[in-house]
Every structure is written in structure tokens, then in C-alpha cells.
file final37.cif (mmCIF, C-alpha atoms)
data_structure
loop_
_atom_site.label_atom_id
_atom_site.label_comp_id
_atom_site.auth_asym_id
_atom_site.auth_seq_id
_atom_site.Cartn_x
_atom_site.Cartn_y
_atom_site.Cartn_z
CA MET A 1 132.88 120.30 102.75
CA THR A 2 132.52 117.51 105.26
CA GLU A 3 128.94 116.57 105.97
CA SER A 4 128.02 114.87 109.19
CA ALA A 5 125.83 111.82 108.76
CA PHE A 6 123.89 109.55 111.06
CA VAL A 7 123.70 105.98 109.74
CA HIS A 8 121.82 103.06 111.23
CA ALA A 9 120.74 99.70 109.84
CA TYR A 10 117.59 97.78 110.75
CA GLU A 11 116.95 94.13 110.01
CA VAL A 12 113.57 93.03 108.64
CA ALA A 13 112.44 89.39 108.60
CA GLY A 14 110.27 88.18 105.74
CA ALA A 15 106.77 86.93 106.61
CA ASP A 16 107.13 88.17 110.20
CA PHE A 17 103.84 90.08 110.44
CA VAL A 18 104.06 90.33 114.23
CA ASN A 19 107.18 92.51 114.12
CA ALA A 20 106.31 94.21 110.85
CA GLY A 21 106.55 97.98 111.16
CA ARG A 22 109.11 97.96 113.96
CA ALA A 23 111.94 99.25 111.76
CA SER A 24 109.78 102.08 110.43
CA THR A 25 108.57 103.09 113.87
CA ALA A 26 112.18 103.02 115.15
CA ILE A 27 113.19 105.24 112.23
CA LYS A 28 110.34 107.63 113.00
CA GLU A 29 111.37 107.83 116.67
CA THR A 30 114.99 108.49 115.70
CA LEU A 31 114.00 111.37 113.41
CA LYS A 32 111.73 112.78 116.13
CA HIS A 33 114.59 112.77 118.62
CA MET A 34 116.73 114.56 116.06
CA GLY A 35 114.12 117.30 115.98
CA LEU A 36 113.29 117.08 112.28
CA ALA A 37 110.10 118.77 111.05
CA PRO A 38 106.86 116.78 111.56
CA ALA A 39 105.90 117.08 107.87
CA LEU A 40 109.22 115.58 106.81
CA ILE A 41 108.95 112.81 109.41
CA ARG A 42 105.47 111.99 108.14
CA ARG A 43 106.71 111.57 104.56
CA VAL A 44 109.64 109.40 105.65
CA ALA A 45 107.39 107.31 107.92
CA ILE A 46 104.92 106.56 105.12
CA ALA A 47 107.66 105.65 102.62
CA ALA A 48 109.58 103.57 105.16
CA TYR A 49 106.50 101.65 106.25
CA GLU A 50 105.42 100.81 102.72
CA ALA A 51 108.91 99.63 101.80
CA GLU A 52 109.21 97.62 105.01
CA MET A 53 105.83 95.95 104.42
CA ASN A 54 106.83 95.04 100.88
CA ALA A 55 109.90 93.31 102.30
CA VAL A 56 107.84 91.54 104.98
CA MET A 57 105.26 90.38 102.44
CA TYR A 58 107.52 89.27 99.61
CA ALA A 59 111.14 88.90 100.70
CA THR A 60 113.05 86.38 102.81
CA ARG A 61 114.86 89.10 104.67
CA ALA A 62 115.90 92.70 104.23
CA THR A 63 118.16 95.38 105.65
CA MET A 64 116.88 98.93 105.92
CA THR A 65 119.66 101.48 106.13
CA LEU A 66 118.76 104.94 107.36
CA ARG A 67 121.09 107.81 106.59
CA VAL A 68 120.44 111.30 107.85
CA THR A 69 122.47 114.30 106.75
CA PRO A 70 121.63 118.01 107.10
CA ALA A 71 120.44 117.87 103.47
CA ALA A 72 118.40 114.68 103.25
CA VAL A 73 117.02 111.55 104.80
CA THR A 74 117.69 108.46 102.72
CA ILE A 75 116.56 104.91 103.33
CA ASP A 76 117.82 101.96 101.31
CA VAL A 77 115.86 98.74 101.64
CA ARG A 78 117.92 95.86 100.29
CA ASP A 79 116.08 92.54 100.27
CA GLU A 80 116.74 88.94 99.38
CA GLY A 81 113.63 87.80 97.61
CA PRO A 82 111.84 87.04 94.36
CA GLY A 83 112.52 90.39 92.71
CA ILE A 84 110.05 92.37 90.62
CA PRO A 85 109.70 91.08 87.03
CA ASP A 86 107.82 94.11 85.68
CA LEU A 87 108.65 97.28 87.57
CA ALA A 88 106.38 99.55 85.50
CA LEU A 89 103.43 97.29 86.28
CA ALA A 90 104.34 97.17 89.99
CA MET A 91 104.38 100.98 90.12
CA GLN A 92 100.80 101.15 88.82
CA GLU A 93 98.21 102.21 91.38
CA GLY A 94 96.02 99.23 92.26
CA TYR A 95 98.32 96.53 90.90
CA SER A 96 99.23 93.94 93.53
CA THR A 97 100.49 90.38 93.77
CA ALA A 98 99.41 90.01 97.41
CA THR A 99 97.82 86.77 98.57
CA ALA A 100 94.23 86.48 99.80
CA GLU A 101 95.49 86.36 103.40
CA MET A 102 97.46 89.60 102.99
CA ARG A 103 94.44 91.30 101.42
CA GLU A 104 92.23 90.19 104.29
CA MET A 105 94.66 91.93 106.66
CA GLY A 106 94.24 95.14 104.68
CA PHE A 107 97.45 94.87 102.68
CA GLY A 108 97.76 94.43 98.94
CA ALA A 109 95.75 97.45 97.86
CA GLY A 110 98.35 98.21 95.22
CA MET A 111 99.09 101.53 96.93
CA GLY A 112 102.50 100.78 98.43
CA LEU A 113 104.90 101.83 95.71
CA PRO A 114 102.69 104.77 94.61
CA ASN A 115 102.62 105.93 98.27
CA ILE A 116 106.41 105.77 98.34
CA ARG A 117 106.74 107.73 95.10
CA ARG A 118 104.36 110.40 96.35
CA ASN A 119 106.22 110.89 99.62
CA THR A 120 109.81 110.89 98.39
CA ASP A 121 111.87 113.35 96.34
CA ALA A 122 113.80 110.53 94.70
CA LEU A 123 112.97 106.85 94.32
CA ASP A 124 115.17 104.29 92.63
CA ILE A 125 114.36 100.61 92.46
CA ALA A 126 116.84 97.99 91.30
CA SER A 127 115.52 94.47 91.05
CA GLN A 128 116.85 91.13 89.92
CA VAL A 129 114.34 88.34 89.51
CA GLY A 130 115.21 85.45 91.80
CA ARG A 131 117.74 87.53 93.73
CA GLY A 132 116.13 90.50 95.35
CA THR A 133 115.15 94.14 95.23
CA THR A 134 116.76 97.31 96.47
CA VAL A 135 114.54 100.33 97.04
CA MET A 136 116.41 103.63 97.49
CA MET A 137 114.37 106.51 98.83
CA THR A 138 115.36 110.12 99.45
CA VAL A 139 113.43 112.82 101.23
CA ARG A 140 115.15 116.19 101.11
CA VAL A 141 115.38 118.37 104.20
CA SER A 142 114.14 121.70 102.91
CA MET B 1 86.64 115.23 121.86
CA THR B 2 88.73 112.97 124.05
CA ILE B 3 88.99 109.25 123.34
CA THR B 4 86.94 108.59 126.49
CA ASP B 5 84.15 110.84 125.09
CA LEU B 6 84.46 109.18 121.70
CA ALA B 7 84.07 105.71 123.20
CA ALA B 8 80.89 106.81 125.01
CA LEU B 9 79.43 108.15 121.74
CA VAL B 10 79.86 104.78 120.03
CA GLU B 11 78.75 102.93 123.18
CA GLY B 12 82.10 101.24 123.17
CA ALA B 13 84.96 100.34 125.47
CA ALA B 14 88.08 102.50 125.60
CA ILE B 15 91.32 100.71 126.33
CA GLY B 16 94.59 102.53 126.85
CA THR B 17 96.85 104.46 129.15
CA ALA B 18 95.44 107.55 130.89
CA GLU B 19 97.50 109.67 128.53
CA ALA B 20 96.15 107.88 125.44
CA LEU B 21 92.52 108.14 126.58
CA ALA B 22 92.82 111.84 127.39
CA ARG B 23 94.07 112.62 123.89
CA GLU B 24 91.84 114.74 121.65
CA ALA B 25 90.68 113.27 118.36
CA GLY B 26 90.79 116.03 115.77
CA GLY B 27 88.95 114.18 113.02
CA GLY B 28 88.17 110.77 111.66
CA TYR B 29 89.06 108.35 108.91
CA ALA B 30 87.39 105.05 108.04
CA SER B 31 89.17 102.36 106.03
CA ASP B 32 90.25 98.74 106.22
CA LEU B 33 93.18 99.18 103.83
CA LEU B 34 96.39 99.99 105.70
CA SER B 35 98.08 101.81 102.82
CA ASP B 36 94.97 103.93 102.36
CA VAL B 37 95.16 104.99 106.00
CA MET B 38 98.89 105.70 105.65
CA ALA B 39 98.18 107.87 102.61
CA ASN B 40 94.99 109.66 103.60
CA ALA B 41 94.49 109.83 107.35
CA ARG B 42 95.57 112.98 109.16
CA ASP B 43 97.45 113.46 112.41
CA GLY B 44 95.10 113.06 115.36
CA ASP B 45 92.38 111.21 113.45
CA ALA B 46 90.31 108.46 115.05
CA TRP B 47 90.62 105.49 112.68
CA ILE B 48 87.50 103.40 112.21
CA THR B 49 88.23 99.88 110.96
CA LEU B 50 87.31 96.23 111.30
CA GLN B 51 90.97 95.21 111.23
CA ARG B 52 92.01 93.91 114.62
CA HIS B 53 95.59 92.67 114.14
CA VAL B 54 98.79 94.09 115.54
CA ASN B 55 99.88 95.82 112.33
CA THR B 56 97.21 98.44 112.93
CA VAL B 57 99.17 99.71 115.93
CA ALA B 58 102.23 100.43 113.79
CA VAL B 59 100.04 102.34 111.34
CA ALA B 60 98.54 104.37 114.20
CA GLN B 61 102.00 105.13 115.58
CA LEU B 62 103.47 106.08 112.22
CA ARG B 63 100.52 108.31 111.24
CA ASN B 64 100.14 109.74 114.76
CA LEU B 65 96.48 108.69 114.98
CA ALA B 66 94.49 109.41 118.14
CA ALA B 67 92.75 106.02 118.36
CA ILE B 68 91.88 102.81 116.56
CA VAL B 69 88.12 102.23 116.67
CA ILE B 70 87.41 98.55 116.01
CA VAL B 71 83.83 98.01 114.86
CA ASN B 72 81.27 95.22 114.43
CA GLY B 73 81.94 93.81 117.90
CA ARG B 74 85.30 92.48 116.81
CA GLN B 75 87.88 92.13 119.56
CA PRO B 76 91.55 93.00 119.07
CA GLU B 77 93.95 90.10 118.77
CA ALA B 78 95.96 89.32 121.92
CA ASP B 79 99.13 91.25 121.08
CA VAL B 80 97.29 94.41 119.97
CA LEU B 81 96.50 95.74 123.45
CA GLU B 82 100.00 95.09 124.72
CA ARG B 83 101.62 96.85 121.77
CA ALA B 84 99.09 99.70 121.89
CA ALA B 85 99.67 100.30 125.62
CA ALA B 86 103.44 100.33 125.12
CA HIS B 87 103.11 103.10 122.54
CA ASP B 88 100.23 105.14 124.00
CA VAL B 89 97.82 104.20 121.23
CA ALA B 90 94.19 104.09 122.38
CA ILE B 91 91.91 101.26 121.28
CA VAL B 92 88.13 101.58 121.23
CA THR B 93 85.90 98.59 120.57
CA THR B 94 82.26 98.96 119.60
CA ALA B 95 79.41 96.71 118.51
CA LEU B 96 78.37 99.37 115.97
CA THR B 97 79.12 99.02 112.26
CA ALA B 98 81.68 101.34 110.64
CA PHE B 99 78.83 103.36 109.08
CA ASP B 100 77.00 103.83 112.37
CA ALA B 101 80.16 104.57 114.35
CA ALA B 102 81.22 107.21 111.82
CA GLY B 103 77.70 108.65 111.85
CA ARG B 104 77.68 109.04 115.62
CA LEU B 105 81.05 110.77 115.63
CA TYR B 106 80.15 113.03 112.71
CA ALA B 107 76.92 114.04 114.44
CA ALA B 108 78.98 114.96 117.49
CA GLY B 109 81.16 117.28 115.43
CA LEU B 110 84.06 115.13 114.31
CA ARG B 111 84.91 115.64 110.63
CA GLY B 112 86.81 113.83 107.92
CA ARG B 113 89.16 115.40 105.44
CA GLY B 114 86.42 116.03 102.87
CA ALA B 115 87.06 115.42 99.20
CA SER B 116 90.70 114.68 98.51
#

call {"tool": "encode", "arguments": {"input": "final37.cif", "output": "C-alpha cells"}}
result
Amino acid sequence: MTESAFVHAYEVAGADFVNAGRASTAIKETLKHMGLAPALIRRVAIAAYEAEMNAVMYATRATMTLRVTPAAVTIDVRDEGPGIPDLALAMQEGYSTATAEMREMGFGAGMGLPNIRRNTDALDIASQVGRGTTVMMTVRVS
Amino acid sequence: MTITDLAALVEGAAIGTAEALAREAGGGYASDLLSDVMANARDGDAWITLQRHVNTVAVAQLRNLAAIVIVNGRQPEADVLERAAAHDVAIVTTALTAFDAAGRLYAAGLRGRGAS
């Protein structure tokens, strides 16, 4: 069976807090125009935003690739950055390596990765210290 | 209640497009942590916060919030109003504290999500 897919890539610049969130809001608008269910869009929007903010806060740059098929919405966030030395620790609610400035802005609550896990059906993270991190998220269209 | 009504209740200023100010707030959420708002606010909530930077607008857009209510007399940073207007997000500024602003809105019938 041939499955039709919509694919689009969005660039994210590290440390660019002014434009942070633009990729996620563009993804949300795209899914809205496609007529996907609001509950599904909400889950994707939360996961996409958290992953985008992680890239903005920690990486040099990242590419977010959105893929929409009749079965699922997937977003891969591939960054060039410091990587995550201890993934199990990073997944813990409340754990954060955010700076004081980021915390003052309301980031760094240690809720990002847990929020992603809670709002996705599949989450895979591949990270190489000193190279970068790839976050692969899937939300199924039920 | 509309955002215009909400602003009057907190003795604040409502800034936004006509469409944004006419929107009904269905409930409220108070937090200064962006991920907390992403996780726990509901569609149509008025978001009470002391954050005043442009990232709040993206959160409001993504979570479909009715308004950002900035407390303690803090004024939004320059790019906030521009971004908010472009995306029909209403901004309310008030001299009240978060506690007092939430209290006024609760007394007027607005509710939070209760225990999660």
C-alpha cells in the first residue's frame, strides 16, 4: 500500500529566544489547515514546543522535520549541540541543566522531556555527547 | 466573560485586536513556568503570569489560551504586543498581584481546572 505523506522541515537557531516557538506554531497551523482533530493537534503542539525549546536552549542549531501520514504525525528534531550525557536523569521530572537566566524566563522547570513523553505515543532519543541529540516523536492518528 | 470584561475586573488594560478582546475566557490558570502552562492550562484559559517576554505569546498560541494577564504592574517587552496582535492573542496588564487577580476572576465566576 502506498501511503501519502506530507513532509516539511523547519530550521531552529540555538539561543534565539526571540524566534523560539515559531517552528512549533507553524507546525500547529499546518495541522490545523489539514483538519486534524484538536486533541491530536494539542498533543503535537506541546511535544513540538518542548523539543524546540530544548534545541533553542542547549543546541547550536536544529532541524525539525514534520511528517504527516494518515496514520501518524511524527516530528524528528535533529540538533548539533552538547548532547545529553545521562538520558535517564534528563527524563526525570524536575531535573534541569538550565541556566539562571533561562529559569528566570520560566524555562528549566525540568518538565520538558516528561511533557513530551506524556503527549506522544512513541519517543526515541539518540544522543552523542559533544555532537548532538535527535529526538523522534510520534503521535498516532486514532 | 470576554477579555474586555476580564480586564475591567482586574482594573487592568486590555490590549489586542477587536477579535482577541471579544473572545470568551472559559477558565483560568496561574503560573510562571512555561512548561507547566503547556502541560496544565486548558483551551480558552486566561493565563495569569508575571512573565512579560515574547515566548509567552508562542505558549498562548500553542495552547489556544484566551489571554495573557501580566500582573504586578509589569509591562510587556516591546516585541510582545506586536507578536500578540499578529496572532490574535490578547494581553491584559494589571497592577494587581497574581493572587489578587486570580481572586477577582474567581469571584466573578471564572474557574481553574481543580485538582489535577

call {"tool": "closest_residue", "arguments": {"input": "final37.cif", "among": "A:Glu80, A:Glu104, A:Asp16, A:Asp121", "to": "Leu34 of chain B", "atoms": "only C-alpha atoms"}}
result
A:Glu104

call {"tool": "residues_around", "arguments": {"input": "final37.cif", "residues": "Gly44 of chain B", "least_positions_apart": "3", "cutoff": "9 Å", "atoms": "all atoms listed in the file", "output": "number ranges by chain"}}
result
B: 23-28, 41, 63-67

call {"tool": "closest_residue", "arguments": {"input": "final37.cif", "among": "B:Met38, B:Val89, B:Leu6, B:Ala108", "to": "chain A", "atoms": "all atoms listed in the file"}}
result
B:Met38

call {"tool": "interface_residues", "arguments": {"input": "final37.cif", "of": "chain B", "to": "chain A", "cutoff": "8 Å", "atoms": "only C-alpha atoms", "output": "VMD selection string"}}
result
chain B and resid 32 to 36 38 to 39 51 53 to 55 58 to 59 61 to 63

call {"tool": "atom_distance", "arguments": {"input": "final37.cif", "atom1": "atom CA of Ala59 of chain A", "atom2": "atom CA of Glu77 of chain B"}}
result
25.0 Å

call {"tool": "atom_distance", "arguments": {"input": "final37.cif", "atom1": "atom CA of Gly94 of chain A", "atom2": "atom CA of Arg117 of chain A"}}
result
14.0 Å

call {"tool": "residues_around", "arguments": {"input": "final37.cif", "residues": "segment 127-131 of chain A", "least_positions_apart": "5", "cutoff": "7 Å", "atoms": "all atoms listed in the file", "output": "list in words"}}
result
Glu80, Gly81, Pro82, Gly83, Ile84 and Pro85 of chain A

call {"tool": "write_last_selection", "arguments": {"input": "final37.cif", "atoms": "C-alpha atoms", "output": "PDB file, in the frame of the given file"}}
result
ATOM      1  CA  GLU A  80     116.740  88.940  99.380  1.00  0.00           C
ATOM      2  CA  GLY A  81     113.630  87.800  97.610  1.00  0.00           C
ATOM      3  CA  PRO A  82     111.840  87.040  94.360  1.00  0.00           C
ATOM      4  CA  GLY A  83     112.520  90.390  92.710  1.00  0.00           C
ATOM      5  CA  ILE A  84     110.050  92.370  90.620  1.00  0.00           C
ATOM      6  CA  PRO A  85     109.700  91.080  87.030  1.00  0.00           C
TER       7      PRO A  85
END

call {"tool": "closest_residue", "arguments": {"input": "final37.cif", "among": "B:Ala101, B:Ile3, B:Val69, B:Ala60", "to": "Ala22 of chain B", "atoms": "all atoms listed in the file"}}
result
B:Ile3

call {"tool": "resolve_selection", "arguments": {"input": "final37.cif", "expression": "the PyMOL selection byres ((chain B and resi 75) around 10)", "output": "number ranges by chain"}}
result
B: 50-53, 70-74, 76-78, 80, 92-95

call {"tool": "atom_distance", "arguments": {"input": "final37.cif", "atom1": "atom CA of Asp88 of chain B", "atom2": "atom CA of Asp5 of chain B"}}
result
17.1 Å

call {"tool": "residues_around", "arguments": {"input": "final37.cif", "residues": "Met64 of chain A", "least_positions_apart": "4", "cutoff": "7 Å", "atoms": "only C-alpha atoms", "output": "count of residues only"}}
result
7

call {"tool": "resolve_selection", "arguments": {"input": "final37.cif", "expression": "the PyMOL selection byres ((chain A and resi 138) around 7)", "output": "VMD selection string"}}
result
chain A and resid 72 to 75 120 to 123 136 to 137 139 to 140

call {"tool": "closest_residue", "arguments": {"input": "final37.cif", "among": "B:Thr97, B:Ala85, B:Ala90, B:Ala30", "to": "Gly112 of chain B", "atoms": "all atoms listed in the file"}}
result
B:Ala30

call {"tool": "closest_residue", "arguments": {"input": "final37.cif", "among": "B:Thr2, B:Ile91, B:Arg42, B:Val57", "to": "Gly16 of chain B", "atoms": "all atoms listed in the file"}}
result
B:Ile91

call {"tool": "closest_residue", "arguments": {"input": "final37.cif", "among": "B:Ile68, B:Leu96, B:Ala86, B:Ala46", "to": "Gly12 of chain B", "atoms": "all atoms listed in the file"}}
result
B:Leu96

call {"tool": "decode", "arguments": {"input": "final37.cif", "residues": "segment 9-25 of chain A", "atoms": "C-alpha atoms", "output": "CSV table (one decimal), in the first residue's frame"}}
result
chain,number,residue,atom,x,y,z
A,9,ALA,CA,11.5,20.8,7.6
A,10,TYR,CA,11.9,23.8,9.9
A,11,GLU,CA,15.1,25.3,11.0
A,12,VAL,CA,15.7,26.3,14.6
A,13,ALA,CA,18.6,28.6,15.7
A,14,GLY,CA,20.2,27.9,19.1
A,15,ALA,CA,19.9,30.7,21.7
A,16,ASP,CA,17.5,32.6,19.5
A,17,PHE,CA,14.8,33.2,22.2
A,18,VAL,CA,13.1,35.9,20.0
A,19,ASN,CA,12.1,33.4,17.3
A,20,ALA,CA,11.7,30.4,19.7
A,21,GLY,CA,8.4,28.7,19.2
A,22,ARG,CA,8.0,29.7,15.6
A,23,ALA,CA,8.6,26.2,14.2
A,24,SER,CA,6.1,24.7,16.6
A,25,THR,CA,3.4,27.3,15.9
